[in-house]
$ cat query.cif   # mmCIF, C-alpha atoms and all ligand atoms
data_entry
loop_
_atom_site.label_atom_id
_atom_site.label_comp_id
_atom_site.auth_asym_id
_atom_site.auth_seq_id
_atom_site.Cartn_x
_atom_site.Cartn_y
_atom_site.Cartn_z
CA MET T 206 76.68 141.17 52.98
CA ALA T 207 74.17 141.39 50.09
CA GLN T 208 70.51 140.58 50.48
CA LYS T 209 69.90 137.87 47.90
CA ILE T 210 66.33 137.83 46.62
CA VAL T 211 64.92 135.41 44.06
CA ILE T 212 61.97 136.57 41.95
CA ALA T 213 59.84 133.49 41.20
CA SER T 214 56.34 132.67 40.02
CA GLY T 215 55.73 129.08 38.97
CA LYS T 216 53.66 130.01 35.91
CA GLY T 217 55.49 131.84 33.12
CA GLY T 218 54.86 135.28 31.71
CA VAL T 219 53.46 136.85 34.88
CA GLY T 220 56.04 139.65 35.17
CA LYS T 221 59.14 138.26 36.99
CA SER T 222 61.67 139.89 34.67
CA SER T 223 59.76 143.19 34.54
CA LEU T 224 59.60 143.27 38.33
CA THR T 225 63.30 142.42 38.57
CA VAL T 226 64.19 145.36 36.30
CA GLY T 227 61.81 147.73 38.10
CA LEU T 228 63.09 146.80 41.56
CA CYS T 229 66.75 146.98 40.48
CA ARG T 230 66.18 150.52 39.20
CA ALA T 231 64.20 151.55 42.29
CA LEU T 232 66.86 150.17 44.66
CA HIS T 233 69.63 151.81 42.61
CA ALA T 234 67.75 155.14 42.82
CA ARG T 235 67.82 154.70 46.63
CA GLY T 236 71.60 154.57 46.45
CA ARG T 237 71.93 150.80 46.83
CA ARG T 238 74.54 148.74 45.00
CA VAL T 239 72.52 146.29 42.91
CA LEU T 240 73.41 143.14 40.99
CA ALA T 241 70.78 141.59 38.70
CA VAL T 242 71.30 137.89 37.98
CA ASP T 243 69.43 136.32 35.09
CA CYS T 244 68.77 132.69 35.98
CA ASP T 245 66.55 131.88 33.01
CA LEU T 246 68.96 129.50 31.26
CA GLY T 247 68.54 129.44 27.50
CA LEU T 248 65.75 132.05 27.65
CA ARG T 249 67.53 134.98 29.26
CA SER T 250 65.91 138.39 28.89
CA LEU T 251 67.50 140.85 31.32
CA ASP T 252 70.29 141.70 28.85
CA LEU T 253 67.59 142.87 26.41
CA LEU T 254 65.45 144.65 29.02
CA PHE T 255 68.54 146.49 30.28
CA GLN T 256 69.85 146.94 26.70
CA ALA T 257 73.20 145.64 27.88
CA GLY T 258 73.61 142.59 25.64
CA ASP T 259 76.27 144.09 23.36
CA ALA T 260 78.66 144.50 26.29
CA LEU T 261 78.44 140.86 27.41
CA VAL T 262 81.72 138.98 27.31
CA CYS T 263 80.74 136.05 29.48
CA ASP T 264 77.98 134.85 31.78
CA TRP T 265 77.63 133.24 35.22
CA GLY T 266 78.24 129.81 33.68
CA ASP T 267 81.80 130.95 32.98
CA VAL T 268 82.14 132.22 36.55
CA VAL T 269 80.90 128.87 37.91
CA ARG T 270 83.50 127.08 35.77
CA GLY T 271 86.20 129.54 36.77
CA THR T 272 86.88 130.57 33.15
CA CYS T 273 85.82 134.21 33.62
CA ASP T 274 86.68 136.65 36.35
CA PRO T 275 83.56 137.44 38.48
CA VAL T 276 83.96 141.20 37.98
CA ARG T 277 84.55 140.92 34.23
CA ALA T 278 81.40 138.82 33.89
CA CYS T 279 79.22 141.73 35.05
CA VAL T 280 78.13 144.42 32.60
CA ASP T 281 76.96 147.89 33.53
CA ALA T 282 73.27 148.53 32.98
CA GLY T 283 72.81 152.17 33.94
CA GLY T 284 74.56 151.85 37.29
CA ILE T 285 73.17 148.38 37.95
CA SER T 286 75.44 145.40 37.38
CA LEU T 287 74.08 142.56 35.28
CA LEU T 288 75.20 138.95 35.31
CA ALA T 289 73.72 137.18 32.30
CA ALA T 290 72.50 133.59 32.15
CA PRO T 291 74.29 130.97 30.05
CA LEU T 292 72.58 130.01 26.79
CA SER T 293 72.41 126.32 27.65
CA GLU T 294 72.19 123.98 30.63
CA SER T 295 75.19 122.08 31.93
CA ALA T 296 75.95 119.41 34.49
CA ASP T 297 78.46 121.94 35.88
CA PHE T 298 75.59 123.92 37.38
CA THR T 299 74.64 122.54 40.77
CA PRO T 300 72.97 124.31 43.73
CA GLU T 301 76.23 124.08 45.68
CA ARG T 302 78.30 125.64 42.90
CA MET T 303 75.69 128.40 42.43
CA ARG T 304 75.99 129.27 46.13
CA GLY T 305 79.78 129.41 45.79
CA MET T 306 79.54 131.55 42.65
CA ILE T 307 77.16 134.12 44.14
CA ALA T 308 79.11 134.34 47.41
CA GLN T 309 81.89 136.02 45.42
CA TYR T 310 79.60 139.06 44.96
CA ASP T 311 78.46 139.32 48.57
CA ASP T 312 80.69 142.21 49.64
CA ALA T 313 80.38 144.28 46.45
CA PHE T 314 76.58 144.66 46.52
CA ASP T 315 73.73 145.55 48.88
CA TYR T 316 71.14 143.66 46.83
CA ILE T 317 71.38 140.70 44.48
CA LEU T 318 68.13 140.15 42.59
CA ILE T 319 67.81 136.77 40.89
CA ASP T 320 65.31 136.42 38.03
CA ALA T 321 64.12 132.79 38.22
CA PRO T 322 62.89 130.73 35.27
CA ALA T 323 59.23 129.74 35.01
CA GLY T 324 58.33 126.39 36.56
CA VAL T 325 59.36 124.84 39.85
CA VAL T 326 61.71 122.07 38.68
CA GLY T 327 65.14 121.96 37.04
CA GLU T 328 66.89 125.32 37.05
CA PHE T 329 64.39 126.71 39.54
CA ALA T 330 66.46 125.00 42.25
CA LEU T 331 69.61 126.76 40.98
CA ALA T 332 67.91 130.15 41.35
CA ALA T 333 66.59 129.26 44.80
CA ALA T 334 70.01 128.01 45.95
CA MET T 335 71.47 131.52 45.61
CA ALA T 336 68.74 133.27 47.60
CA ASP T 337 67.92 133.94 51.22
CA ARG T 338 64.61 135.68 50.46
CA ALA T 339 61.98 135.32 47.74
CA LEU T 340 59.38 137.43 46.03
CA VAL T 341 56.66 135.26 44.52
CA VAL T 342 54.96 137.08 41.63
CA ALA T 343 51.39 136.29 40.64
CA THR T 344 48.55 137.80 38.71
CA ALA T 345 45.25 137.53 40.58
CA ASP T 346 43.70 134.66 38.64
CA GLY T 347 43.13 131.11 39.82
CA VAL T 348 45.68 129.37 37.58
CA CYS T 349 48.47 131.79 38.37
CA LEU T 350 47.73 131.86 42.12
CA ARG T 351 47.80 128.08 42.34
CA SER T 352 51.18 127.90 40.61
CA ALA T 353 52.46 130.75 42.80
CA GLY T 354 51.39 128.75 45.87
CA ARG T 355 53.31 125.76 44.49
CA ALA T 356 56.37 127.96 43.88
CA ALA T 357 56.16 129.37 47.41
CA GLU T 358 55.96 125.85 48.86
CA THR T 359 58.86 124.60 46.69
CA LEU T 360 60.97 127.57 47.81
CA ARG T 361 60.24 126.67 51.44
CA GLU T 362 61.28 123.06 50.78
CA LEU T 363 64.49 124.36 49.19
CA GLY T 364 65.28 126.34 52.34
CA VAL T 365 64.01 129.84 51.42
CA ALA T 366 61.79 130.55 54.42
CA ASP T 367 61.39 134.32 53.92
CA ARG T 368 58.89 134.63 51.08
CA ARG T 369 56.56 137.50 50.12
CA LEU T 370 53.85 137.83 47.49
CA VAL T 371 53.76 140.50 44.76
CA LEU T 372 50.43 140.79 42.95
CA ASN T 373 51.18 142.01 39.45
CA ARG T 374 49.00 143.50 36.70
CA PHE T 375 46.32 144.22 39.29
CA HIS T 376 43.17 145.91 38.11
CA ARG T 377 40.43 146.85 40.58
CA ALA T 378 37.69 146.95 37.94
CA ALA T 379 38.60 143.38 36.94
CA VAL T 380 38.10 142.27 40.55
CA GLU T 381 34.74 144.06 40.71
CA HIS T 382 33.66 142.19 37.57
CA SER T 383 34.99 138.91 39.04
CA PHE T 384 37.67 138.49 36.35
CA LEU T 385 40.34 138.62 39.06
CA VAL T 386 40.18 137.55 42.71
CA ASN T 387 40.49 140.18 45.45
CA VAL T 388 43.72 140.80 47.34
CA ASP T 389 42.74 138.93 50.55
CA ASP T 390 41.68 135.89 48.58
CA ALA T 391 44.91 135.99 46.55
CA ILE T 392 47.02 136.04 49.74
CA ASP T 393 45.07 133.07 51.14
CA ARG T 394 45.58 131.05 47.98
CA VAL T 395 49.35 131.60 47.81
CA GLY T 396 49.87 131.31 51.55
CA VAL T 397 52.52 134.01 52.02
CA GLN T 398 52.29 137.63 53.14
CA LEU T 399 51.86 140.44 50.64
CA ILE T 400 54.72 142.90 50.05
CA GLY T 401 53.14 144.90 47.23
CA VAL T 402 50.61 145.24 44.45
CA VAL T 403 51.73 146.41 41.01
CA PRO T 404 48.88 147.68 38.83
CA GLU T 405 48.32 146.89 35.19
CA ASP T 406 50.32 149.60 33.44
CA PRO T 407 50.75 149.71 29.64
CA GLU T 408 54.00 151.68 30.06
CA VAL T 409 55.63 148.42 31.27
CA THR T 410 54.89 146.70 27.98
CA PHE T 411 55.73 149.71 25.82
CA ARG T 412 58.92 150.92 27.46
CA LEU T 413 60.75 148.05 29.18
CA PRO T 414 61.51 146.04 26.00
CA LYS T 415 63.17 149.16 24.56
CA GLY T 416 65.40 149.46 27.61
CA GLU T 417 63.62 152.61 28.73
CA GLY T 418 62.64 153.57 32.25
CA LEU T 419 59.03 154.39 33.12
CA PRO T 420 57.73 157.97 33.48
CA LYS T 421 58.05 159.36 37.00
CA LYS T 422 54.41 159.06 37.98
CA SER T 423 53.60 155.84 36.16
CA PRO T 424 51.61 153.52 38.47
CA ALA T 425 53.96 150.51 38.08
CA LYS T 426 57.04 152.63 38.78
CA LEU T 427 55.45 154.03 41.96
CA ALA T 428 54.54 150.49 43.06
CA TRP T 429 58.10 149.24 42.43
CA GLU T 430 59.44 152.15 44.47
CA ARG T 431 57.17 151.25 47.40
CA ILE T 432 58.22 147.57 47.27
CA ALA T 433 61.89 148.61 47.14
CA ALA T 434 61.37 150.80 50.21
CA ARG T 435 59.73 147.89 52.07
CA LEU T 436 62.64 145.58 51.13
CA ASP T 437 64.91 148.29 52.48
CA GLY T 438 63.12 148.10 55.84
CA GLU T 439 60.85 151.15 55.52
CA ASN T 440 57.32 150.91 56.83
CA VAL T 441 55.33 151.89 53.74
CA PRO T 442 51.57 151.28 54.07
CA LEU T 443 49.82 149.31 51.32
CA ARG T 444 47.66 151.61 49.16
CA LEU T 445 45.23 149.12 47.70
CA ARG T 446 42.40 151.62 47.20
CA SER T 447 44.40 153.51 44.59
CA PHE T 448 44.27 150.71 42.00
N1 LIG H 501 52.49 145.61 35.71
C1 LIG H 501 52.41 145.31 34.41
N2 LIG H 501 51.51 145.98 33.61
C2 LIG H 501 51.42 145.68 32.30
N3 LIG H 501 52.15 144.74 31.66
C3 LIG H 501 53.02 144.04 32.40
C4 LIG H 501 53.22 144.29 33.81
N4 LIG H 501 54.18 143.45 34.27
C5 LIG H 501 54.58 142.72 33.20
N5 LIG H 501 53.90 143.06 32.08
C6 LIG H 501 54.04 142.47 30.74
O1 LIG H 501 53.83 141.08 30.84
C7 LIG H 501 54.63 140.38 29.87
C8 LIG H 501 55.46 139.31 30.60
O2 LIG H 501 56.35 139.97 31.48
P1 LIG H 501 57.75 139.34 31.88
O3 LIG H 501 58.55 138.96 30.69
O4 LIG H 501 58.34 140.26 32.88
O5 LIG H 501 57.24 137.99 32.59
P2 LIG H 501 58.11 136.75 33.12
O6 LIG H 501 57.38 136.20 34.29
O7 LIG H 501 59.50 137.18 33.34
O8 LIG H 501 58.03 135.77 31.88
P3 LIG H 501 58.88 134.39 31.71
O9 LIG H 501 58.22 133.39 32.62
O10 LIG H 501 58.68 134.06 30.25
O11 LIG H 501 60.29 134.68 32.09
C9 LIG H 501 55.49 141.43 29.18
O12 LIG H 501 54.87 141.78 27.97
C10 LIG H 501 55.44 142.62 30.15
O13 LIG H 501 55.62 143.86 29.50
MG MG H 502 61.31 136.37 32.56
#

$ encode --input "query.cif" --output "structure tokens" --more "lines below"
Ligand SMILES: Nc1ncnc2c1ncn2[C@@H]1O[C@H](COP(=O)(O)OP(=O)(O)OP(=O)(O)O)[C@@H](O)[C@H]1O
Ligand SMILES: [Mg+2]
Amino acid sequence: MAQKIVIASGKGGVGKSSLTVGLCRALHARGRRVLAVDCDLGLRSLDLLFQAGDALVCDWGDVVRGTCDPVRACVDAGGISLLAAPLSESADFTPERMRGMIAQYDDAFDYILIDAPAGVVGEFALAAAMADRALVVATADGVCLRSAGRAAETLRELGVADRRLVLNRFHRAAVEHSFLVNVDDAIDRVGVQLIGVVPEDPEVTFRLPKGEGLPKKSPAKLAWERIAARLDGENVPLRLRSF
């Protein structure tokens, strides 16, 4: 049975989709069968980040409605399967139907990573309905941490008890100059345990939109690999001093 993990944040633009792509690739490199589900209705991005848009014939909306075969709806993105989001909302999409739709992929994958939309209302509940675990992504600033705390609480209310924090775009010098809060403070503000810290890394911005992977030793790639190992049950110590 697949582990179904929603990547959420509350505030937009903090790195959910980038983390989803990075973790999918890191889990795939570990030999896991990975399905990426874009749940950002109307604003999907994973098809672009994986450069798989041209191969799309349908999306999960068609699977929910039963008008597209679940296997045919997935496109290959370098060994990772991608299920794209519909381009518009519909009354057909309910939490119950999302659970039924995703259950059809349970046996074919080890991991299903669900890229949630920004915000904590509307389609956020559809993304949460599919998941049994959550990664809450935040940058270490007050506005983002407060919305991440709200997202973590909303996920709990929606029945996702297993939640972990990912601090993204972390920059030690920015903490030292008080532009960002420190890691302990960030954890306290969001109220869930930390699973990883991804440093600020320009390679993410330069390479991901072109569908490229990151260089082997790039700091974000190494951080994604460590988070993937922790998701996979490995005991990988946090290396906060290296940022
Ligand atoms: N670790 C990082 N280092 C540097 N830039 C990053 C990092 N993570 C994400 N970014 C950049 O931040 C921007 C927003 O990232 P992304 O689209 O993944 O966020 P998002 O949370 O999915 O946004 P949305 O809420 O709009 O879906 C992008 O330009 C991306 O390249
Ligand atoms: Mg996104």

$ closest_residue --input "query.cif" --among "T:Cys279, T:Leu224, T:Val371, T:Leu261" --to "T:Val395" --atoms "all atoms listed in the file"
T:Val371

$ closest_atom_pairs --input "query.cif" --of "chain T" --to "ligand LIG 501 (chain H)" --cutoff "8 Å" --atoms "only C-alpha atoms and all ligand atoms" --output "Markdown table"
| residue | atom | partner | partner_atom | distance |
| --- | --- | --- | --- | --- |
| T:Ala213 | CA | H:LIG501 | O6 | 7.8 |
| T:Ser214 | CA | H:LIG501 | O6 | 6.8 |
| T:Lys216 | CA | H:LIG501 | O9 | 6.6 |
| T:Gly217 | CA | H:LIG501 | O9 | 3.2 |
| T:Gly218 | CA | H:LIG501 | O8 | 3.2 |
| T:Val219 | CA | H:LIG501 | O6 | 4.0 |
| T:Gly220 | CA | H:LIG501 | O5 | 3.3 |
| T:Lys221 | CA | H:LIG501 | O7 | 3.8 |
| T:Ser222 | CA | H:LIG501 | O7 | 3.7 |
| T:Ser223 | CA | H:LIG501 | O4 | 3.7 |
| T:Leu224 | CA | H:LIG501 | O4 | 6.4 |
| T:Thr225 | CA | H:LIG501 | O4 | 7.9 |
| T:Asp245 | CA | H:LIG501 | O11 | 6.9 |
| T:Leu248 | CA | H:LIG501 | O11 | 7.5 |
| T:Arg249 | CA | H:LIG501 | O11 | 7.8 |
| T:Ser250 | CA | H:LIG501 | O11 | 7.5 |
| T:Asp320 | CA | H:LIG501 | O7 | 7.5 |
| T:Ala321 | CA | H:LIG501 | O11 | 7.5 |
| T:Pro322 | CA | H:LIG501 | O11 | 5.7 |
| T:Ala323 | CA | H:LIG501 | O9 | 4.5 |
| T:Val342 | CA | H:LIG501 | O6 | 7.8 |
| T:Asn373 | CA | H:LIG501 | N1 | 5.4 |
| T:Arg374 | CA | H:LIG501 | N1 | 4.2 |
| T:Phe375 | CA | H:LIG501 | N1 | 7.3 |
| T:Val403 | CA | H:LIG501 | N1 | 5.4 |
| T:Pro404 | CA | H:LIG501 | N1 | 5.2 |
| T:Glu405 | CA | H:LIG501 | N2 | 3.7 |
| T:Asp406 | CA | H:LIG501 | N2 | 3.8 |
| T:Pro407 | CA | H:LIG501 | C2 | 4.9 |
| T:Glu408 | CA | H:LIG501 | C2 | 6.9 |
| T:Val409 | CA | H:LIG501 | O13 | 4.9 |
| T:Thr410 | CA | H:LIG501 | O13 | 3.3 |
| T:Phe411 | CA | H:LIG501 | O13 | 6.9 |
| T:Leu413 | CA | H:LIG501 | O13 | 6.6 |
| T:Pro414 | CA | H:LIG501 | O13 | 7.2 |
| T:Ala425 | CA | H:LIG501 | N1 | 5.6 |

$ write_last_selection --input "query.cif" --atoms "C-alpha atoms" --output "PDB file, in the frame of the given file"
ATOM      1  CA  ALA T 213      59.840 133.490  41.200  1.00  0.00           C
ATOM      2  CA  SER T 214      56.340 132.670  40.020  1.00  0.00           C
ATOM      3  CA  LYS T 216      53.660 130.010  35.910  1.00  0.00           C
ATOM      4  CA  GLY T 217      55.490 131.840  33.120  1.00  0.00           C
ATOM      5  CA  GLY T 218      54.860 135.280  31.710  1.00  0.00           C
ATOM      6  CA  VAL T 219      53.460 136.850  34.880  1.00  0.00           C
ATOM      7  CA  GLY T 220      56.040 139.650  35.170  1.00  0.00           C
ATOM      8  CA  LYS T 221      59.140 138.260  36.990  1.00  0.00           C
ATOM      9  CA  SER T 222      61.670 139.890  34.670  1.00  0.00           C
ATOM     10  CA  SER T 223      59.760 143.190  34.540  1.00  0.00           C
ATOM     11  CA  LEU T 224      59.600 143.270  38.330  1.00  0.00           C
ATOM     12  CA  THR T 225      63.300 142.420  38.570  1.00  0.00           C
ATOM     13  CA  ASP T 245      66.550 131.880  33.010  1.00  0.00           C
ATOM     14  CA  LEU T 248      65.750 132.050  27.650  1.00  0.00           C
ATOM     15  CA  ARG T 249      67.530 134.980  29.260  1.00  0.00           C
ATOM     16  CA  SER T 250      65.910 138.390  28.890  1.00  0.00           C
ATOM     17  CA  ASP T 320      65.310 136.420  38.030  1.00  0.00           C
ATOM     18  CA  ALA T 321      64.120 132.790  38.220  1.00  0.00           C
ATOM     19  CA  PRO T 322      62.890 130.730  35.270  1.00  0.00           C
ATOM     20  CA  ALA T 323      59.230 129.740  35.010  1.00  0.00           C
ATOM     21  CA  VAL T 342      54.960 137.080  41.630  1.00  0.00           C
ATOM     22  CA  ASN T 373      51.180 142.010  39.450  1.00  0.00           C
ATOM     23  CA  ARG T 374      49.000 143.500  36.700  1.00  0.00           C
ATOM     24  CA  PHE T 375      46.320 144.220  39.290  1.00  0.00           C
ATOM     25  CA  VAL T 403      51.730 146.410  41.010  1.00  0.00           C
ATOM     26  CA  PRO T 404      48.880 147.680  38.830  1.00  0.00           C
ATOM     27  CA  GLU T 405      48.320 146.890  35.190  1.00  0.00           C
ATOM     28  CA  ASP T 406      50.320 149.600  33.440  1.00  0.00           C
ATOM     29  CA  PRO T 407      50.750 149.710  29.640  1.00  0.00           C
ATOM     30  CA  GLU T 408      54.000 151.680  30.060  1.00  0.00           C
ATOM     31  CA  VAL T 409      55.630 148.420  31.270  1.00  0.00           C
ATOM     32  CA  THR T 410      54.890 146.700  27.980  1.00  0.00           C
ATOM     33  CA  PHE T 411      55.730 149.710  25.820  1.00  0.00           C
ATOM     34  CA  LEU T 413      60.750 148.050  29.180  1.00  0.00           C
ATOM     35  CA  PRO T 414      61.510 146.040  26.000  1.00  0.00           C
ATOM     36  CA  ALA T 425      53.960 150.510  38.080  1.00  0.00           C
TER      37      ALA T 425
END

$ residues_around --input "query.cif" --residues "T:Leu372" --least-positions-apart "4" --cutoff "10 Å" --atoms "only C-alpha atoms" --output "PyMOL selection string"
chain T and resi 219-220+341-345+350+388+391-392+399-404

$ residues_around --input "query.cif" --residues "stretch 274-277 of chain T" --least-positions-apart "2" --cutoff "8 Å" --atoms "all atoms listed in the file" --output "PyMOL selection string"
chain T and resi 262-263+265+268+271-272+279-280+309-310

$ closest_residue --input "query.cif" --among "T:Asp267, T:Asp311, T:Glu328, T:Glu301" --to "T:Leu246" --atoms "all atoms listed in the file"
T:Glu328

$ atom_distance --input "query.cif" --atom1 "atom CA of T:Ser293" --atom2 "atom CA of T:Gly364"
25.7 Å

$ residues_around --input "query.cif" --residues "T:Arg230" --least-positions-apart "6" --cutoff "10 Å" --atoms "only C-alpha atoms" --output "number ranges by chain"
T: 224, 236-237, 239, 282-285, 418, 426, 429-430, 433

$ axis_aligned_box --input "query.cif" --around "stretch 279-291 of chain T" --padding-each-side "8 Å" --output "JSON"
{"center_x": 75.9, "center_y": 141.6, "center_z": 34.0, "size_x": 22.7, "size_y": 37.2, "size_z": 23.9}

$ atom_distance --input "query.cif" --atom1 "atom CA of T:Ile317" --atom2 "atom CA of T:Arg412"
23.4 Å

$ residues_around --input "query.cif" --residues "T:Met206" --least-positions-apart "5" --cutoff "10 Å" --atoms "all atoms listed in the file" --output "PyMOL selection string"
chain T and resi 308+310-316

$ closest_residue --input "query.cif" --among "T:Ile307, T:Val348, T:Leu436, T:Val242" --to "T:Met335" --atoms "all atoms listed in the file"
T:Ile307

$ closest_residue --input "query.cif" --among "T:Ala330, T:Leu240, T:Ala231, T:Leu318" --to "T:Ala428" --atoms "only C-alpha atoms"
T:Ala231

$ atom_distance --input "query.cif" --atom1 "atom CA of T:Leu232" --atom2 "atom CA of T:Val211"
14.9 Å

$ closest_residue --input "query.cif" --among "T:Leu385, T:Cys229, T:Leu363, T:Cys244" --to "ligand MG 502 (chain H)" --atoms "all atoms listed in the file"
T:Cys244

$ closest_residue --input "query.cif" --among "T:Ser295, T:Ala378, T:Gly324, T:Val365" --to "ligand MG 502 (chain H)" --atoms "all atoms listed in the file"
T:Gly324

$ residues_around --input "query.cif" --residues "T:Ala356" --least-positions-apart "4" --cutoff "7 Å" --atoms "only C-alpha atoms" --output "list in words"
Ser214, Gly215, Val325, Ser352 and Leu360 of chain T

$ decode --input "query.cif" --residues "stretch 237-253 of chain T" --atoms "N, CA and C atoms" --output "mmCIF file, in the first residue's frame"
data_model
loop_
_atom_site.group_PDB
_atom_site.id
_atom_site.type_symbol
_atom_site.label_atom_id
_atom_site.label_comp_id
_atom_site.auth_asym_id
_atom_site.auth_seq_id
_atom_site.Cartn_x
_atom_site.Cartn_y
_atom_site.Cartn_z
ATOM 1 N N ARG T 237 12.209 3.524 -5.324
ATOM 2 C CA ARG T 237 10.775 3.484 -4.983
ATOM 3 C C ARG T 237 9.918 3.813 -6.201
ATOM 4 N N ARG T 238 8.727 3.239 -6.217
ATOM 5 C CA ARG T 238 7.752 3.547 -7.274
ATOM 6 C C ARG T 238 6.969 4.781 -6.816
ATOM 7 N N VAL T 239 7.052 5.853 -7.613
ATOM 8 C CA VAL T 239 6.537 7.145 -7.142
ATOM 9 C C VAL T 239 5.478 7.709 -8.095
ATOM 10 N N LEU T 240 4.367 8.141 -7.516
ATOM 11 C CA LEU T 240 3.346 8.875 -8.267
ATOM 12 C C LEU T 240 3.269 10.297 -7.715
ATOM 13 N N ALA T 241 3.399 11.288 -8.603
ATOM 14 C CA ALA T 241 3.224 12.692 -8.211
ATOM 15 C C ALA T 241 1.827 13.130 -8.640
ATOM 16 N N VAL T 242 1.061 13.681 -7.701
ATOM 17 C CA VAL T 242 -0.296 14.142 -8.022
ATOM 18 C C VAL T 242 -0.343 15.658 -7.854
ATOM 19 N N ASP T 243 -0.643 16.351 -8.936
ATOM 20 C CA ASP T 243 -0.790 17.805 -8.859
ATOM 21 C C ASP T 243 -2.210 18.095 -8.409
ATOM 22 N N CYS T 244 -2.346 18.774 -7.262
ATOM 23 C CA CYS T 244 -3.700 19.073 -6.770
ATOM 24 C C CYS T 244 -3.989 20.567 -6.821
ATOM 25 N N ASP T 245 -3.172 21.301 -7.572
ATOM 26 C CA ASP T 245 -3.361 22.741 -7.696
ATOM 27 C C ASP T 245 -4.283 23.006 -8.885
ATOM 28 N N LEU T 246 -5.589 22.878 -8.645
ATOM 29 C CA LEU T 246 -6.577 23.012 -9.716
ATOM 30 C C LEU T 246 -6.496 24.369 -10.398
ATOM 31 N N GLY T 247 -6.445 24.371 -11.705
ATOM 32 C CA GLY T 247 -6.406 25.626 -12.446
ATOM 33 C C GLY T 247 -5.017 26.233 -12.507
ATOM 34 N N LEU T 248 -4.142 25.904 -11.584
ATOM 35 C CA LEU T 248 -2.796 26.507 -11.546
ATOM 36 C C LEU T 248 -1.728 25.420 -11.492
ATOM 37 N N ARG T 249 -1.986 24.319 -12.166
ATOM 38 C CA ARG T 249 -1.046 23.200 -12.061
ATOM 39 C C ARG T 249 0.348 23.594 -12.567
ATOM 40 N N SER T 250 1.360 22.936 -12.020
ATOM 41 C CA SER T 250 2.726 23.278 -12.428
ATOM 42 C C SER T 250 3.625 22.059 -12.584
ATOM 43 N N LEU T 251 3.239 20.925 -12.016
ATOM 44 C CA LEU T 251 4.142 19.770 -12.058
ATOM 45 C C LEU T 251 4.403 19.293 -13.483
ATOM 46 N N ASP T 252 3.395 19.444 -14.375
ATOM 47 C CA ASP T 252 3.613 19.015 -15.768
ATOM 48 C C ASP T 252 4.734 19.835 -16.410
ATOM 49 N N LEU T 253 4.844 21.113 -16.029
ATOM 50 C CA LEU T 253 5.923 21.955 -16.554
ATOM 51 C C LEU T 253 7.246 21.604 -15.879
#
